[in-house]
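K.L.:
target_36.txt is the file, holding compact mmCIF, C-alpha atoms:
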# COMPACT_ATOMS: atom_id res chain seq x y z
CA MET F 1408 158.69 88.49 88.40
CA HIS F 1409 156.57 88.42 85.29
CA SER F 1410 153.38 90.45 85.05
CA PRO F 1411 150.15 88.42 84.74
CA SER F 1412 149.29 87.32 81.24
CA PRO F 1413 145.90 88.21 79.72
CA LEU F 1414 144.85 84.60 80.30
CA SER F 1415 145.50 84.79 84.04
CA LEU F 1416 143.74 88.17 84.26
CA VAL F 1417 140.51 86.84 82.79
CA ASP F 1418 140.67 83.91 85.19
CA LEU F 1419 140.71 86.18 88.25
CA PRO F 1420 137.68 85.77 90.51
CA VAL F 1421 134.78 88.22 90.46
CA ARG F 1422 133.58 89.31 93.89
CA ARG F 1423 130.69 91.32 95.27
CA LEU F 1424 131.43 94.94 96.05
CA THR F 1425 130.16 96.88 99.05
CA ARG F 1426 130.21 100.52 100.09
CA ARG F 1427 133.66 99.79 101.57
CA ASP F 1428 134.87 99.59 97.94
CA LEU F 1429 133.61 103.07 97.15
CA VAL F 1430 137.04 104.74 97.04
CA SER F 1431 138.45 101.95 94.85
CA CYS F 1432 135.52 102.36 92.45
CA ALA F 1433 136.11 106.12 92.32
CA ASP F 1434 139.81 105.51 91.67
CA LEU F 1435 138.80 103.31 88.76
CA SER F 1436 136.59 106.07 87.35
CA GLU F 1437 139.42 108.56 87.66
CA SER F 1438 141.83 106.21 85.89
CA ARG F 1439 139.56 106.38 82.84
CA SER F 1440 139.34 110.20 83.00
CA TRP F 1441 135.77 110.08 84.34
CA PRO F 1442 134.64 112.16 87.32
CA ARG F 1443 135.35 110.25 90.55
CA ASP F 1444 131.63 110.40 91.37
CA GLU F 1445 131.92 108.80 94.80
CA HIS F 1446 128.45 110.19 95.43
CA ARG F 1447 126.94 108.23 92.54
CA TRP F 1448 128.94 105.08 93.32
CA GLY F 1449 127.57 105.26 96.86
CA LEU F 1450 123.99 105.33 95.60
CA LEU F 1451 124.51 102.51 93.12
CA LEU F 1452 126.37 100.27 95.56
CA SER F 1453 123.56 100.66 98.10
CA ALA F 1454 120.65 100.35 95.65
CA GLY F 1455 122.22 97.69 93.42
CA THR F 1456 124.80 94.90 93.46
CA GLY F 1457 128.41 95.73 92.67
CA TYR F 1458 130.83 93.29 91.07
CA GLY F 1459 134.57 93.73 90.83
CA ILE F 1460 137.89 92.10 90.02
CA GLU F 1461 140.81 92.91 92.26
CA ASP F 1462 144.27 93.73 91.00
CA PRO F 1463 146.49 90.71 91.75
CA LYS F 1464 149.23 93.18 92.70
CA GLY F 1465 147.04 94.69 95.41
CA LYS F 1466 146.48 97.98 93.59
CA GLY F 1467 142.73 98.20 94.13
CA LEU F 1468 140.23 97.12 91.49
CA ILE F 1469 141.04 96.42 87.86
CA ALA F 1470 137.35 96.26 86.90
CA ALA F 1471 133.94 97.02 88.38
CA CYS F 1472 130.29 97.36 87.47
CA VAL F 1473 126.91 97.56 89.18
CA MET F 1474 123.69 95.69 88.43
CA THR F 1475 120.51 97.30 89.71
CA SER F 1476 117.58 94.91 89.90
CA TYR F 1477 114.00 95.98 89.31
CA GLY F 1478 112.49 92.59 89.91
CA PRO F 1479 112.11 89.75 87.37
CA ARG F 1480 111.20 92.08 84.49
CA LEU F 1481 114.46 94.05 84.24
CA ALA F 1482 117.91 94.71 85.66
CA ALA F 1483 120.18 97.56 84.60
CA VAL F 1484 123.95 97.25 84.25
CA GLY F 1485 126.00 100.41 84.72
CA MET F 1486 129.40 101.86 85.54
CA LEU F 1487 131.30 99.05 83.81
CA LEU F 1488 134.91 100.15 83.97
CA VAL F 1489 138.26 98.47 83.39
CA ALA F 1490 141.50 100.12 84.51
CA GLU F 1491 143.33 101.72 81.60
CA ARG F 1492 146.44 99.59 82.24
CA HIS F 1493 144.38 96.41 81.77
CA SER F 1494 142.12 97.46 78.90
CA ARG F 1495 141.59 95.32 75.80
CA GLN F 1496 142.54 92.11 77.59
CA GLY F 1497 139.11 90.47 77.82
CA ILE F 1498 138.34 91.65 81.35
CA ALA F 1499 135.17 93.55 80.45
CA ARG F 1500 133.84 90.47 78.66
CA ARG F 1501 134.73 88.31 81.67
CA LEU F 1502 132.89 90.64 84.06
CA MET F 1503 129.83 90.99 81.82
CA ARG F 1504 129.54 87.22 81.36
CA HIS F 1505 129.58 86.87 85.14
CA VAL F 1506 126.89 89.54 85.57
CA MET F 1507 124.73 87.95 82.85
CA ALA F 1508 125.03 84.59 84.59
CA GLU F 1509 124.05 86.21 87.89
CA ALA F 1510 121.01 87.81 86.21
CA GLY F 1511 119.80 84.44 84.93
CA SER F 1512 116.55 84.83 83.00
CA THR F 1513 116.08 88.50 83.97
CA PRO F 1514 116.26 90.81 80.93
CA LEU F 1515 119.06 93.38 81.01
CA ALA F 1516 119.47 96.96 79.88
CA LEU F 1517 122.53 99.18 79.67
CA TYR F 1518 123.81 102.40 78.14
CA SER F 1519 126.95 101.83 76.09
CA THR F 1520 129.68 104.17 74.95
CA SER F 1521 130.85 103.69 71.38
CA GLU F 1522 133.92 101.83 72.70
CA GLY F 1523 131.85 99.18 74.44
CA GLN F 1524 129.07 98.69 71.92
CA ARG F 1525 130.76 96.00 69.84
CA LEU F 1526 131.41 93.87 72.94
CA TYR F 1527 127.78 94.07 74.02
CA GLU F 1528 126.59 93.17 70.55
CA GLN F 1529 128.85 90.11 70.63
CA LEU F 1530 127.28 89.17 73.97
CA GLY F 1531 123.80 89.34 72.44
CA PHE F 1532 122.67 92.88 73.29
CA THR F 1533 120.66 94.89 70.75
CA GLN F 1534 120.55 98.65 70.36
CA VAL F 1535 117.05 100.03 70.96
CA GLY F 1536 117.75 103.76 71.28
CA ARG F 1537 120.24 106.52 72.00
CA THR F 1538 120.92 109.21 74.55
CA GLN F 1539 122.58 112.53 73.86
CA ARG F 1540 124.73 114.27 76.46
CA VAL F 1541 124.59 118.05 76.77
CA LEU F 1542 126.81 120.09 79.05
CA GLY F 1543 127.37 123.77 79.74
CA ARG F 1544 126.24 126.92 81.49
CA PHE F 1545 122.46 127.14 81.42
CA ARG F 1546 120.96 130.51 80.45
CA PRO F 1547 117.33 130.86 81.55
CA GLU F 1548 114.75 132.36 79.24
CA ASP F 1549 113.64 135.95 79.81
CA ARG F 1550 110.01 134.96 80.34
CA PRO F 1551 108.64 132.89 83.21
CA ALA F 1552 108.31 129.13 82.73
CA ALA F 1553 105.01 128.07 81.17
CA VAL F 1554 104.43 125.46 83.90
CA ALA F 1555 104.64 126.17 87.61
CA THR F 1556 106.92 123.91 89.64
CA ARG F 1557 107.97 123.69 93.29
CA ALA F 1558 110.54 122.00 95.46
CA ALA F 1559 109.54 118.46 96.36
CA ALA F 1560 108.38 117.72 99.90
CA ALA F 1561 108.72 114.49 101.83
CA ASP F 1562 105.10 113.55 101.20
CA ASP F 1563 105.64 113.79 97.42
CA LEU F 1564 107.68 110.55 97.33
CA GLN F 1565 104.69 108.24 96.99
CA ALA F 1566 103.27 110.37 94.18
CA MET F 1567 106.67 110.33 92.46
CA VAL F 1568 106.68 106.52 92.63
CA ARG F 1569 103.16 106.39 91.15
CA LEU F 1570 104.18 108.73 88.33
CA ASP F 1571 107.45 106.90 87.71
CA LEU F 1572 105.96 103.40 87.44
CA PRO F 1573 104.21 103.71 84.03
CA VAL F 1574 107.03 105.91 82.67
CA PHE F 1575 109.80 103.40 83.38
CA GLY F 1576 107.49 100.36 83.38
CA ILE F 1577 109.18 98.96 86.50
CA ASP F 1578 108.98 99.63 90.22
CA ARG F 1579 111.88 101.94 91.08
CA THR F 1580 110.82 102.62 94.68
CA HIS F 1581 114.25 101.63 96.03
CA ILE F 1582 115.88 104.27 93.80
CA ILE F 1583 113.34 107.05 94.32
CA ALA F 1584 113.36 106.56 98.10
CA ARG F 1585 117.10 107.31 98.05
CA LEU F 1586 116.80 110.45 95.90
CA PRO F 1587 116.22 112.94 98.74
CA ALA F 1588 119.55 111.99 100.34
CA PHE F 1589 121.30 111.76 96.96
CA ALA F 1590 120.06 114.85 95.13
CA ASP F 1591 120.81 118.46 95.96
CA ARG F 1592 117.38 119.40 94.62
CA ILE F 1593 114.19 117.62 93.59
CA GLN F 1594 111.58 119.66 91.76
CA VAL F 1595 108.01 118.61 90.96
CA ALA F 1596 105.29 119.86 88.63
CA GLU F 1597 101.65 119.26 89.44
CA GLU F 1598 98.21 120.09 88.13
CA ASN F 1599 94.99 119.80 90.13
CA GLY F 1600 96.85 117.99 92.88
CA GLU F 1601 98.36 115.37 90.53
CA LEU F 1602 102.09 115.22 89.81
CA THR F 1603 102.86 115.71 86.11
CA GLY F 1604 106.65 115.55 86.35
CA TYR F 1605 109.73 115.58 88.53
CA ALA F 1606 113.44 116.24 88.16
CA ALA F 1607 116.45 115.62 90.39
CA LEU F 1608 119.70 117.58 90.40
CA TRP F 1609 122.82 115.90 91.77
CA PRO F 1610 126.55 116.67 91.93
CA SER F 1611 128.92 115.01 89.46
CA GLY F 1612 132.49 116.23 89.33
CA ASP F 1613 132.51 119.96 88.67
CA ALA F 1614 128.98 119.87 87.24
CA HIS F 1615 125.44 119.22 88.38
CA ALA F 1616 123.60 116.45 86.53
CA VAL F 1617 119.86 116.38 85.83
CA GLY F 1618 118.18 113.00 86.16
CA PRO F 1619 115.75 111.44 86.44
CA LEU F 1620 113.69 113.84 84.35
CA VAL F 1621 110.11 112.63 84.01
CA ALA F 1622 107.48 114.93 82.55
CA ARG F 1623 104.04 114.87 80.96
CA ASP F 1624 105.34 116.84 77.96
CA THR F 1625 108.28 118.91 76.74
CA VAL F 1626 106.90 122.16 78.18
CA THR F 1627 106.85 120.59 81.64
CA ALA F 1628 110.35 119.15 81.14
CA LYS F 1629 111.67 122.62 80.23
CA ALA F 1630 110.09 124.16 83.32
CA LEU F 1631 111.63 121.52 85.58
CA VAL F 1632 115.10 121.96 84.06
CA THR F 1633 114.83 125.74 84.38
CA ALA F 1634 113.86 125.42 88.04
CA VAL F 1635 116.65 123.05 89.08
CA ALA F 1636 119.24 124.96 87.04
CA ALA F 1637 118.38 128.10 89.02
CA THR F 1638 119.59 126.40 92.21
CA THR F 1639 123.20 125.86 91.07
CA ASP F 1640 126.10 127.93 89.79
CA ARG F 1641 127.86 124.87 88.34
CA PRO F 1642 127.68 123.78 84.71
CA LEU F 1643 124.64 121.65 83.96
CA ARG F 1644 124.79 118.17 82.43
CA ALA F 1645 122.00 115.98 81.14
CA ASP F 1646 121.80 112.71 79.22
CA VAL F 1647 118.60 113.10 77.23
CA ASP F 1648 116.75 110.40 75.31
CA ALA F 1649 117.61 111.33 71.72
CA ARG F 1650 113.95 111.04 70.68
CA HIS F 1651 113.28 114.25 72.57
CA GLU F 1652 114.76 116.51 69.88
CA GLU F 1653 112.74 119.56 70.93
CA LEU F 1654 114.16 119.48 74.45
CA LEU F 1655 117.70 118.90 73.15
CA ASP F 1656 117.46 121.82 70.71
CA TRP F 1657 116.13 124.03 73.51
CA LEU F 1658 118.98 123.05 75.85
CA VAL F 1659 121.48 123.98 73.14
CA GLU F 1660 119.69 127.32 72.68
CA ARG F 1661 120.02 127.83 76.43
CA GLY F 1662 123.81 127.49 76.32
CA LEU F 1663 124.56 123.78 76.62
CA GLU F 1664 126.66 121.95 74.04
CA ARG F 1665 126.13 118.50 72.60
CA GLY F 1666 128.74 115.99 73.71
CA SER F 1667 129.03 112.24 73.42
CA GLY F 1668 126.06 109.93 73.11
CA THR F 1669 125.38 106.42 74.30
CA ALA F 1670 123.57 103.49 72.77
CA VAL F 1671 120.64 102.16 74.77
CA MET F 1672 120.91 98.38 74.61
CA THR F 1673 118.82 95.47 75.87
CA TYR F 1674 119.26 91.72 76.28
CA GLY F 1675 116.36 89.28 76.53
CA ILE F 1676 113.76 91.98 75.88
CA ALA F 1677 112.80 93.78 72.65
CA ASP F 1678 112.79 97.30 74.14
CA LEU F 1679 112.79 99.14 77.42
CA PRO F 1680 109.42 98.95 79.19
CA GLY F 1681 107.42 102.07 79.98
CA ASP F 1682 106.51 105.28 78.20
CA ALA F 1683 109.47 106.83 76.37
CA GLY F 1684 107.38 109.88 75.57
CA ARG F 1685 107.53 110.96 79.22
CA ARG F 1686 111.02 109.59 79.98
CA PHE F 1687 113.34 112.47 79.17
CA ALA F 1688 116.43 111.46 81.16
CA PRO F 1689 117.29 108.51 83.39
CA LEU F 1690 119.21 108.72 86.65
CA THR F 1691 122.51 107.73 85.11
CA VAL F 1692 123.61 106.33 81.77
CA ALA F 1693 127.22 105.50 82.52
CA THR F 1694 128.50 102.15 81.37
CA GLY F 1695 131.45 100.87 79.40
Let me see whether you can do it: turn the structure in this file into C-alpha cells.

P.N.:
Amino acid sequence: MHSPSPLSLVDLPVRRLTRRDLVSCADLSESRSWPRDEHRWGLLLSAGTGYGIEDPKGKGLIAACVMTSYGPRLAAVGMLLVAERHSRQGIARRLMRHVMAEAGSTPLALYSTSEGQRLYEQLGFTQVGRTQRVLGRFRPEDRPAAVATRAAAADDLQAMVRLDLPVFGIDRTHIIARLPAFADRIQVAEENGELTGYAALWPSGDAHAVGPLVARDTVTAKALVTAVAATTDRPLRADVDARHEELLDWLVERGLERGSGTAVMTYGIADLPGDAGRRFAPLTVATG
C-alpha cells in the first residue's frame, strides 16, 4: 500500500478541535521537540477555536493550530504545528488558508519562528515587531524591589481587565477570566488603589513561563518578575517584546540567557493595537 502523496495530504479535510484532542495536540508538540504543554493547549482550546488535520493512517493529528478571537478587530493564530514526518509538504499552508478563510475580514496576528516566516509572508502577513525569548535560573537582586507587589485576589480580575484593555487594545476578558485556574501565580502592582501592572506565572515543560506581563513601566515589570520568580524553583522563561531592551538586559544580568526570537506578524492591520510601551510579554507566542 502506497503512502499518501503530498497532493492527497493537502486535500485532507480540516476539522474543529475540542478539549478531547488535547493529548493528540500535545503529542504533536512533542514530535517537534516542543514541551508537551497540555496545560497551555487546554487553555487555548477552551478560549479559542482549534483546527486540525487527522493522519489518514489513524496516528493522531498531522497538523493543528488555534485561533483565538477578540471580536471583529483582531484574532490571534498560535500553536501552528505540523508533524515532523509530514513537514514541507504544504500542510501548514493548507491549514493557514483554512484559518484565514474562517477569519473572514477579521485582522490576524501571529508570532512566527524563523522557519515559518517565509510562508506567512507569502500568505500576505507583514512583520511588525519581534519578541526575544530568555530562559534560565533567575537570581534576585540583593535589594528589595522598587515597587511593592502582592498576590492577586479574586476581586482584582475586573481591574486587570480594565488595565489590560488599553494595553492590548482588545477585550481579553475571556482569557483573563481563565488565568486564575491556568496560572500557578498571579501578581499585581498597584498605587493609590489603582492597578499599575500584573504578571502571571504558569508551568511549561520543566520551566515556569511569565506572561502576560503588563506594567506601567520597566521598574514595575522588574518588580513583578522578581515576585513571581520567588514562588518557583524551576527555570524561568519569558518571551519579551524586543523593544523592551532594558528589561531584557536586566533579565540577562539576573541569570537568564537569550534564546530564539519570533517575528510578530499581522494580516489586514498595520500593527498590533494597544500600547506596546506597557506590553512587556504576551500570554504565549508559540506558532509555526

K.L.:
Which residues are near Leu1526 (chain F)? Cut-off 12 Å, all atoms listed in the file, ignore same chain within fewer than 3 positions. Put them as a ChimeraX atom specification.

P.N.:
/F:1495,1497-1504,1519-1523,1529-1533,1672,1695

K.L.:
Using all atoms listed in the file, which of the listed residues (F:Gln1496, F:Thr1513, F:Gln1594, F:Ser1667) sits closest to Ala1636 (chain F)?

P.N.:
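Among F:Gln1496, F:Thr1513, F:Gln1594, F:Ser1667, it is F:Gln1594 that comes nearest to Ala1636 (chain F).
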
K.L.:
Go through F:Val1541, F:Val1430, F:Ala1584, F:Leu1517 one by one, measure the shortest atom-to-atom distance of each to Val1671 (chain F) using all atoms listed in the file, and give the residue with the smallest value.

P.N.:
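That would be F:Leu1517, the residue with the smallest distance to Val1671 (chain F).
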
K.L.:
To one decimal place in Å, what is the distance between CA of Ala1559 (chain F) and CA of Ala1637 (chain F)?

P.N.:
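Straight-line distance from CA of Ala1559 (chain F) to CA of Ala1637 (chain F) works out to 15.0 Å.
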
K.L.:
Given the choices F:Leu1663, F:Val1626, F:Leu1542, F:Leu1620, which gets closest to Val1554 (chain F) if the distance is worked out from all atoms listed in the file?

P.N.:
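Of all the options, F:Val1626 lies closest to Val1554 (chain F).
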
K.L.:
Using CA of Lys1466 (chain F) and CA of Ala1508 (chain F) as the two end points, give the distance in Å to one decimal.

P.N.:
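The value is 26.8 Å.
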
K.L.:
When you count only C-alpha atoms, which of these residues is closest to Val1506 (chain F): F:Arg1557, F:Arg1422, F:Arg1550, F:Arg1579?

P.N.:
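Smallest separation from Val1506 (chain F) among the options: F:Arg1422.
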
K.L.:
Could you work out how far CA of Asp1571 (chain F) lies from CA of Asn1599 (chain F), giving the answer in Å with one decimal?

P.N.:
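CA of Asp1571 (chain F) lies at a distance of 18.1 Å from CA of Asn1599 (chain F).
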
K.L.:
Need the shell around Arg1585 (chain F): protein/DNA/RNA residues with any atom at most 9 Å away, counting only C-alpha atoms. Skip same-chain ones fewer than 5 positions apart. Format as a list in words?

P.N.:
Leu1450, Ala1454, Thr1580 and Ala1590 of chain F

K.L.:
Find the residues near Leu1608 (chain F): any atom within 7 Å, counting only C-alpha atoms, skip ones fewer than 5 places away on the same chain, and give them as a list of chain:residue names.

P.N.:
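Residues meeting the cut-off are F:Ala1590, F:Asp1591, F:Arg1592, F:Ile1593, F:His1615, F:Ala1616, F:Val1617, F:Gly1618, F:Val1635.
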
K.L.:
So which one's closest to Gly1666 (chain F), F:Pro1463, F:Pro1642, F:Gly1543, F:Pro1551? Using all atoms listed in the file, please.

P.N.:
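The answer is F:Gly1543, which sits nearest to Gly1666 (chain F).
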
K.L.:
Report, as AutoDock Vina command-line options, the axis-aligned box around all atoms of region 1565-1582 of chain F present in the file, extended by 3 Å on each side; give centre and edge lengths in Å to one decimal place.

P.N.:
--center_x 109.5 --center_y 104.7 --center_z 89.8 --size_x 18.7 --size_y 17.4 --size_z 20.3

K.L.:
Quick one: of F:Arg1426, F:Arg1537, F:Lys1629, F:His1446, who's nearest to Ala1596 (chain F), counting only C-alpha atoms?

P.N.:
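Between F:Arg1426, F:Arg1537, F:Lys1629, F:His1446, the residue approaching Ala1596 (chain F) most closely is F:Lys1629.
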
K.L.:
For Asp1613 (chain F), find every residue with an atom within 12 Å (counting all atoms listed in the file), except residues of its own chain fewer than 4 positions away, and show them as a PyMOL selection string.

P.N.:
chain F and resi 1441-1444+1542-1544+1609+1639-1644

K.L.:
For Leu1424 (chain F), work out the shell of residues within 7 Å, counting only C-alpha atoms and skipping chain neighbours fewer than 3 positions away, then give it as a count of residues only.

P.N.:
4
